[in-house]
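Below: the structure, in structure tokens.
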Amino acid sequence: KVNLRSHVDSMDTSDDGTRFVGLTLKNGKTVKAKEGVICNAPVWSIVDLISNPETKRALNDMMVPREVENRQSWIIPEDPDKRSVIQTVRPKPRTSEEGGGLLSKCNDSEMTGSFLHLHLALDATGLDLDTMEAHYTVMARGLGGDEDDDTDTACGELNMIALSNPCVLDRTLAPDGHIVVHAYGAGNEPYDIWKGLDRKSDEYKRLKEERSQVLWRAVESVIPDARQRVVLDMVGSPLTHERFLRRPKGTYGAATEDYLKDGSTPFDSLVFCGDGIFPGIGVPAVALSGASAANAMVNPLKQWFCLDNLKQKNLI
């Protein structure tokens, strides 16, 4: 059963804090767990989902996890005419004496940057989809970044733009005579540029218009008259990610160096998965960590019986 619009308020434990027994939702309803809880919340959100203080200590080498400001990969310059740059000096890892347990590792994980999106519905009159690609990568300032800026790289701020054109693969994704296009900068939009803005303000609307121009140019490198073909256009900002996907600071995910090696915890009844756990960011990687977490909740004999059952049904 999949419960939609069911935001989780807490992961619940037994009274003595030794076992995870279910969830409490924002609406006050509870969900009981027979075996335990698999948690795919962003790693920075996990500590706030656990209300039992003794359980928090047990998840953190018996230390109370310290509250810290989440680290993100970008340094925002004071000069507005200069680009933000990726953090190159990583902070020193904590020792166990400083509270370096599992929850502290989660809190300390470095966040990658956020996203900027441009979603388009276009009139496809005269376009030959058979000659187009389903995916393009557009380098706004070239593979090496801006030649006149020694801090810029291929992965610099809004340099590498991904462009998806899925109707090449499936014409039914849009009504006849139309296509959908998605351009985005993945993990290369700094959050702090947007921090604190009112989403209903003119300032926010102006910033979306200004920041999305690089995405428009990427689309126009493939479809030169894209703006004249627009039926619908929508820009998604880091605040969009933060609000609708509940991603702290709108982050793309954890930096590779800070992935948890697996989803195991000191409790058999709690397993982590998601983009903060190896193998990390991206749908295939997250699906694999989810499958691994599910397998951790099922003993090998049950898995064997399940495989036999699928084989008998010619499903594998």
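Ligands are numbered from 1 in the order shown, residues from 1 within each chain, and chains are lettered A, B, ... in the order they appear in the structure tokens.
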Can you list, as a CSV table (one decimal) with C-alpha atoms, in the first residue's frame, every protein, DNA or RNA residue that comes within 9 Å of Lys32 of chain A when you count only C-alpha atoms, leaving out same-chain residues fewer than 6 positions away?
```csv
chain,number,residue,atom,x,y,z
A,12,ASP,CA,8.5,5.9,16.6
A,21,VAL,CA,7.9,0.3,15.8
A,22,GLY,CA,6.4,2.6,13.2
A,23,LEU,CA,5.6,6.2,12.2
A,24,THR,CA,3.5,9.1,13.3
```
Show me a table, sorted first by chain and then by increasing residue number, of the residues of segment 72-167 of chain A having an atom at most 6 Å from segment 56-62 of chain A, each with its shortest atom pair and the distance in Å to one decimal, counting only C-alpha atoms and written as a tab-separated table.
```
residue	atom	partner	partner_atom	distance
A:Gly101	CA	A:Asn60	CA	4.0
A:Leu102	CA	A:Asn60	CA	5.0
A:Leu103	CA	A:Asn60	CA	5.4
```
Backbone-only DSSP, strand (DSSP E or B) members of segment 15-91 of chain A, as a list in words: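 Of segment 15-91 of chain A, the ones in strand (DSSP E or B) are Phe20, Val21, Gly22, Leu23, Thr24, Leu25, Thr30, Val31, Lys32, Val37, Ile38, Cys39, Ile50, Gln72, Trp74, Ile75, Val85 and Ile86 of chain A.
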Dump as a compact mmCIF listing (two decimals), in the first residue's frame, selection limited to all heavy atoms:
```txt
# COMPACT_ATOMS: atom_id res chain seq x y z
N PHE A 20 12.46 0.26 16.68
CA PHE A 20 11.59 1.14 15.90
C PHE A 20 10.32 0.38 15.57
O PHE A 20 10.36 -0.73 15.03
CB PHE A 20 12.31 1.60 14.64
CG PHE A 20 13.31 2.69 14.90
CD1 PHE A 20 14.58 2.37 15.38
CD2 PHE A 20 12.99 4.01 14.71
CE1 PHE A 20 15.51 3.36 15.65
CE2 PHE A 20 13.91 5.02 14.98
CZ PHE A 20 15.17 4.70 15.45
N VAL A 21 9.18 1.00 15.90
CA VAL A 21 7.91 0.28 15.83
C VAL A 21 6.91 0.91 14.85
O VAL A 21 5.80 0.41 14.71
CB VAL A 21 7.27 0.18 17.22
CG1 VAL A 21 8.15 -0.64 18.16
CG2 VAL A 21 7.00 1.58 17.80
N GLY A 22 7.29 2.01 14.18
CA GLY A 22 6.36 2.60 13.23
C GLY A 22 6.60 4.08 13.03
O GLY A 22 7.68 4.60 13.33
N LEU A 23 5.55 4.75 12.53
CA LEU A 23 5.64 6.17 12.19
C LEU A 23 4.44 6.92 12.74
O LEU A 23 3.36 6.36 12.89
CB LEU A 23 5.65 6.36 10.66
CG LEU A 23 6.66 5.57 9.83
CD1 LEU A 23 6.35 5.76 8.34
CD2 LEU A 23 8.08 6.01 10.14
N THR A 24 4.65 8.20 13.01
CA THR A 24 3.54 9.12 13.27
C THR A 24 3.53 10.15 12.15
O THR A 24 4.57 10.75 11.84
CB THR A 24 3.69 9.82 14.62
OG1 THR A 24 3.60 8.84 15.67
CG2 THR A 24 2.58 10.85 14.82
N LEU A 25 2.37 10.34 11.53
CA LEU A 25 2.25 11.28 10.42
C LEU A 25 1.91 12.67 10.92
O LEU A 25 1.51 12.86 12.07
CB LEU A 25 1.18 10.78 9.45
CG LEU A 25 1.33 9.35 8.92
CD1 LEU A 25 0.22 9.03 7.93
CD2 LEU A 25 2.70 9.15 8.28
N THR A 30 -1.01 7.10 13.00
CA THR A 30 0.18 6.28 13.19
C THR A 30 0.16 5.10 12.22
O THR A 30 -0.90 4.62 11.82
CB THR A 30 0.27 5.75 14.63
OG1 THR A 30 -0.90 4.98 14.93
CG2 THR A 30 0.41 6.90 15.62
N VAL A 31 1.35 4.66 11.86
CA VAL A 31 1.53 3.48 11.01
C VAL A 31 2.41 2.51 11.79
O VAL A 31 3.54 2.85 12.15
CB VAL A 31 2.19 3.84 9.67
CG1 VAL A 31 2.39 2.59 8.82
CG2 VAL A 31 1.36 4.86 8.92
N LYS A 32 1.91 1.32 12.07
CA LYS A 32 2.66 0.34 12.83
C LYS A 32 3.55 -0.50 11.90
O LYS A 32 3.16 -0.83 10.78
CB LYS A 32 1.72 -0.59 13.60
CG LYS A 32 0.83 0.13 14.61
CD LYS A 32 1.65 0.85 15.67
CE LYS A 32 0.76 1.53 16.70
NZ LYS A 32 1.56 2.28 17.71
N VAL A 37 11.53 -0.09 10.28
CA VAL A 37 11.35 1.09 9.44
C VAL A 37 12.51 1.21 8.47
O VAL A 37 13.68 1.10 8.87
CB VAL A 37 11.26 2.37 10.31
CG1 VAL A 37 11.22 3.62 9.43
CG2 VAL A 37 10.04 2.31 11.22
N ILE A 38 12.20 1.43 7.21
CA ILE A 38 13.20 1.78 6.19
C ILE A 38 13.04 3.26 5.93
O ILE A 38 11.96 3.72 5.55
CB ILE A 38 13.00 0.97 4.90
CG1 ILE A 38 13.26 -0.52 5.17
CG2 ILE A 38 13.93 1.47 3.80
CD1 ILE A 38 12.97 -1.42 3.98
N CYS A 39 14.09 4.03 6.14
CA CYS A 39 14.03 5.49 6.08
C CYS A 39 14.81 6.00 4.88
O CYS A 39 16.02 5.78 4.79
CB CYS A 39 14.58 6.09 7.37
SG CYS A 39 14.66 7.90 7.34
N ILE A 50 13.53 11.63 14.92
CA ILE A 50 13.65 10.71 16.06
C ILE A 50 13.43 11.51 17.34
O ILE A 50 14.21 12.41 17.67
CB ILE A 50 15.03 10.03 16.08
CG1 ILE A 50 15.25 9.27 14.78
CG2 ILE A 50 15.15 9.09 17.27
CD1 ILE A 50 16.67 8.78 14.59
N GLN A 72 27.20 23.29 2.56
CA GLN A 72 26.92 23.16 1.14
C GLN A 72 28.18 23.50 0.35
O GLN A 72 29.09 24.15 0.84
CB GLN A 72 25.75 24.05 0.71
CG GLN A 72 25.10 23.56 -0.58
CD GLN A 72 23.68 24.08 -0.75
OE1 GLN A 72 23.39 25.20 -0.37
NE2 GLN A 72 22.81 23.28 -1.34
N TRP A 74 28.99 25.41 -2.06
CA TRP A 74 29.22 26.67 -2.75
C TRP A 74 29.64 27.79 -1.82
O TRP A 74 29.13 27.92 -0.71
CB TRP A 74 27.95 27.08 -3.49
CG TRP A 74 27.57 26.13 -4.57
CD1 TRP A 74 26.74 25.05 -4.44
CD2 TRP A 74 28.03 26.11 -5.90
NE1 TRP A 74 26.65 24.39 -5.63
CE2 TRP A 74 27.43 25.01 -6.55
CE3 TRP A 74 28.89 26.93 -6.63
CZ2 TRP A 74 27.65 24.71 -7.89
CZ3 TRP A 74 29.12 26.64 -7.96
CH2 TRP A 74 28.50 25.55 -8.57
N ILE A 75 30.56 28.62 -2.29
CA ILE A 75 30.92 29.85 -1.60
C ILE A 75 30.34 30.99 -2.42
O ILE A 75 30.62 31.13 -3.61
CB ILE A 75 32.45 30.02 -1.50
CG1 ILE A 75 33.06 28.86 -0.69
CG2 ILE A 75 32.81 31.35 -0.88
CD1 ILE A 75 34.57 28.90 -0.66
N VAL A 85 31.52 29.80 -6.35
CA VAL A 85 32.49 28.75 -6.66
C VAL A 85 32.30 27.57 -5.71
O VAL A 85 31.83 27.73 -4.58
CB VAL A 85 33.95 29.26 -6.57
CG1 VAL A 85 34.20 30.33 -7.61
CG2 VAL A 85 34.26 29.80 -5.17
N ILE A 86 32.68 26.39 -6.19
CA ILE A 86 32.56 25.19 -5.38
C ILE A 86 33.61 25.19 -4.27
O ILE A 86 34.76 25.54 -4.49
CB ILE A 86 32.71 23.94 -6.26
CG1 ILE A 86 31.57 23.87 -7.27
CG2 ILE A 86 32.74 22.68 -5.42
CD1 ILE A 86 31.68 22.73 -8.25
```
Counting only C-alpha atoms, which residues in segment 184-248 of chain A sit no more than 9 Å from segment 40-45 of chain A? For each one, give the nearest pair of atoms and the distance in Å, sorted by chain then residue number, as a Markdown table.
```
| residue | atom | partner | partner_atom | distance |
| --- | --- | --- | --- | --- |
| A:Arg246 | CA | A:Pro42 | CA | 8.5 |
| A:Arg247 | CA | A:Pro42 | CA | 6.8 |
| A:Pro248 | CA | A:Trp44 | CA | 7.3 |
```
- prompt: Quick one: distance from atom CA of Gly113 of chain A to atom CA of His241 of chain A in Å, one decimal?
  reply: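 Those two atoms sit 11.3 Å apart.
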query: Of the residues A:Arg217, A:Arg229, A:Lys29, A:Arg141, which is the one nearest to Thr125 of chain A, using only C-alpha atoms?
result: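 Going through A:Arg217, A:Arg229, A:Lys29, A:Arg141 one by one, the smallest distance to Thr125 of chain A is for A:Arg229.
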Contact residues around Ala254 of chain A with only C-alpha atoms at 7 Å, ignoring same-chain residues under 2 positions, as a PyMOL selection string: chain A and resi 109-112+256+258-259+275-276
Given the selection you just returned, output its residues as a file containing all heavy atoms, formatted as a PDB file, in the first residue's frame.
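Now in again33.pdb:
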```
ATOM      1  N   SER A 109      27.330  15.640   6.673  1.00  0.00           N
ATOM      2  CA  SER A 109      27.502  15.363   5.249  1.00  0.00           C
ATOM      3  C   SER A 109      27.401  16.649   4.443  1.00  0.00           C
ATOM      4  O   SER A 109      26.502  17.464   4.656  1.00  0.00           O
ATOM      5  CB  SER A 109      26.430  14.381   4.767  1.00  0.00           C
ATOM      6  OG  SER A 109      26.614  13.112   5.324  1.00  0.00           O
ATOM      7  N   GLU A 110      28.322  16.819   3.527  1.00  0.00           N
ATOM      8  CA  GLU A 110      28.298  18.020   2.691  1.00  0.00           C
ATOM      9  C   GLU A 110      27.189  17.922   1.656  1.00  0.00           C
ATOM     10  O   GLU A 110      27.019  16.903   0.998  1.00  0.00           O
ATOM     11  CB  GLU A 110      29.636  18.209   1.977  1.00  0.00           C
ATOM     12  CG  GLU A 110      29.675  19.477   1.142  1.00  0.00           C
ATOM     13  CD  GLU A 110      31.026  19.690   0.473  1.00  0.00           C
ATOM     14  OE1 GLU A 110      31.948  18.893   0.712  1.00  0.00           O
ATOM     15  OE2 GLU A 110      31.134  20.656  -0.298  1.00  0.00           O
ATOM     16  N   MET A 111      26.419  18.996   1.529  1.00  0.00           N
ATOM     17  CA  MET A 111      25.363  19.048   0.527  1.00  0.00           C
ATOM     18  C   MET A 111      25.928  19.527  -0.807  1.00  0.00           C
ATOM     19  O   MET A 111      26.700  20.487  -0.853  1.00  0.00           O
ATOM     20  CB  MET A 111      24.271  20.039   0.942  1.00  0.00           C
ATOM     21  CG  MET A 111      23.514  19.670   2.192  1.00  0.00           C
ATOM     22  SD  MET A 111      22.350  21.011   2.568  1.00  0.00           S
ATOM     23  CE  MET A 111      21.493  20.304   3.960  1.00  0.00           C
ATOM     24  N   THR A 112      25.531  18.868  -1.879  1.00  0.00           N
ATOM     25  CA  THR A 112      25.812  19.435  -3.191  1.00  0.00           C
ATOM     26  C   THR A 112      24.883  20.632  -3.397  1.00  0.00           C
ATOM     27  O   THR A 112      23.993  20.901  -2.599  1.00  0.00           O
ATOM     28  CB  THR A 112      25.567  18.412  -4.300  1.00  0.00           C
ATOM     29  OG1 THR A 112      24.222  17.929  -4.196  1.00  0.00           O
ATOM     30  CG2 THR A 112      26.515  17.227  -4.174  1.00  0.00           C
ATOM     31  N   THR A 256      29.856  13.049  -2.839  1.00  0.00           N
ATOM     32  CA  THR A 256      30.310  11.658  -2.961  1.00  0.00           C
ATOM     33  C   THR A 256      31.176  11.238  -1.783  1.00  0.00           C
ATOM     34  O   THR A 256      31.046  10.120  -1.259  1.00  0.00           O
ATOM     35  CB  THR A 256      31.093  11.472  -4.270  1.00  0.00           C
ATOM     36  OG1 THR A 256      30.273  11.889  -5.366  1.00  0.00           O
ATOM     37  CG2 THR A 256      31.499  10.025  -4.461  1.00  0.00           C
ATOM     38  N   ASP A 258      31.036  11.948   1.186  1.00  0.00           N
ATOM     39  CA  ASP A 258      30.332  11.850   2.464  1.00  0.00           C
ATOM     40  C   ASP A 258      29.202  10.826   2.468  1.00  0.00           C
ATOM     41  O   ASP A 258      28.421  10.767   3.423  1.00  0.00           O
ATOM     42  CB  ASP A 258      29.769  13.220   2.865  1.00  0.00           C
ATOM     43  CG  ASP A 258      30.858  14.177   3.317  1.00  0.00           C
ATOM     44  OD1 ASP A 258      31.954  13.701   3.636  1.00  0.00           O
ATOM     45  OD2 ASP A 258      30.608  15.394   3.345  1.00  0.00           O
ATOM     46  N   TYR A 259      29.083  10.016   1.413  1.00  0.00           N
ATOM     47  CA  TYR A 259      28.069   8.967   1.436  1.00  0.00           C
ATOM     48  C   TYR A 259      28.286   8.054   2.646  1.00  0.00           C
ATOM     49  O   TYR A 259      29.432   7.681   2.955  1.00  0.00           O
ATOM     50  CB  TYR A 259      28.149   8.082   0.196  1.00  0.00           C
ATOM     51  CG  TYR A 259      27.773   8.724  -1.117  1.00  0.00           C
ATOM     52  CD1 TYR A 259      28.212   8.176  -2.318  1.00  0.00           C
ATOM     53  CD2 TYR A 259      26.971   9.862  -1.168  1.00  0.00           C
ATOM     54  CE1 TYR A 259      27.869   8.745  -3.537  1.00  0.00           C
ATOM     55  CE2 TYR A 259      26.634  10.437  -2.373  1.00  0.00           C
ATOM     56  CZ  TYR A 259      27.087   9.881  -3.558  1.00  0.00           C
ATOM     57  OH  TYR A 259      26.748  10.442  -4.761  1.00  0.00           O
ATOM     58  N   ASP A 275      19.796   8.960  -1.350  1.00  0.00           N
ATOM     59  CA  ASP A 275      20.960   9.488  -2.067  1.00  0.00           C
ATOM     60  C   ASP A 275      22.110   9.908  -1.152  1.00  0.00           C
ATOM     61  O   ASP A 275      23.145  10.350  -1.642  1.00  0.00           O
ATOM     62  CB  ASP A 275      20.545  10.650  -2.974  1.00  0.00           C
ATOM     63  CG  ASP A 275      19.825  11.762  -2.228  1.00  0.00           C
ATOM     64  OD1 ASP A 275      20.002  11.884  -1.006  1.00  0.00           O
ATOM     65  OD2 ASP A 275      19.073  12.507  -2.879  1.00  0.00           O
ATOM     66  N   GLY A 276      21.942   9.767   0.152  1.00  0.00           N
ATOM     67  CA  GLY A 276      23.060  10.020   1.056  1.00  0.00           C
ATOM     68  C   GLY A 276      23.799   8.754   1.435  1.00  0.00           C
ATOM     69  O   GLY A 276      24.759   8.792   2.204  1.00  0.00           O
TER      70      GLY A 276
END
```
task: Tell me which of A:Lys82, A:Met297, A:Ser114, A:Leu49 sits closest to Phe267 of chain A, counting only C-alpha atoms.
output: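 Checking each candidate against Phe267 of chain A, we get A:Met297 as the closest.
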- request: Name the closest residue to Ile193 of chain A among the candidates A:Gly144, A:Pro238, A:Pro166, A:Gly36; distances are taken between atoms, counting only C-alpha atoms.
  value: A:Pro238
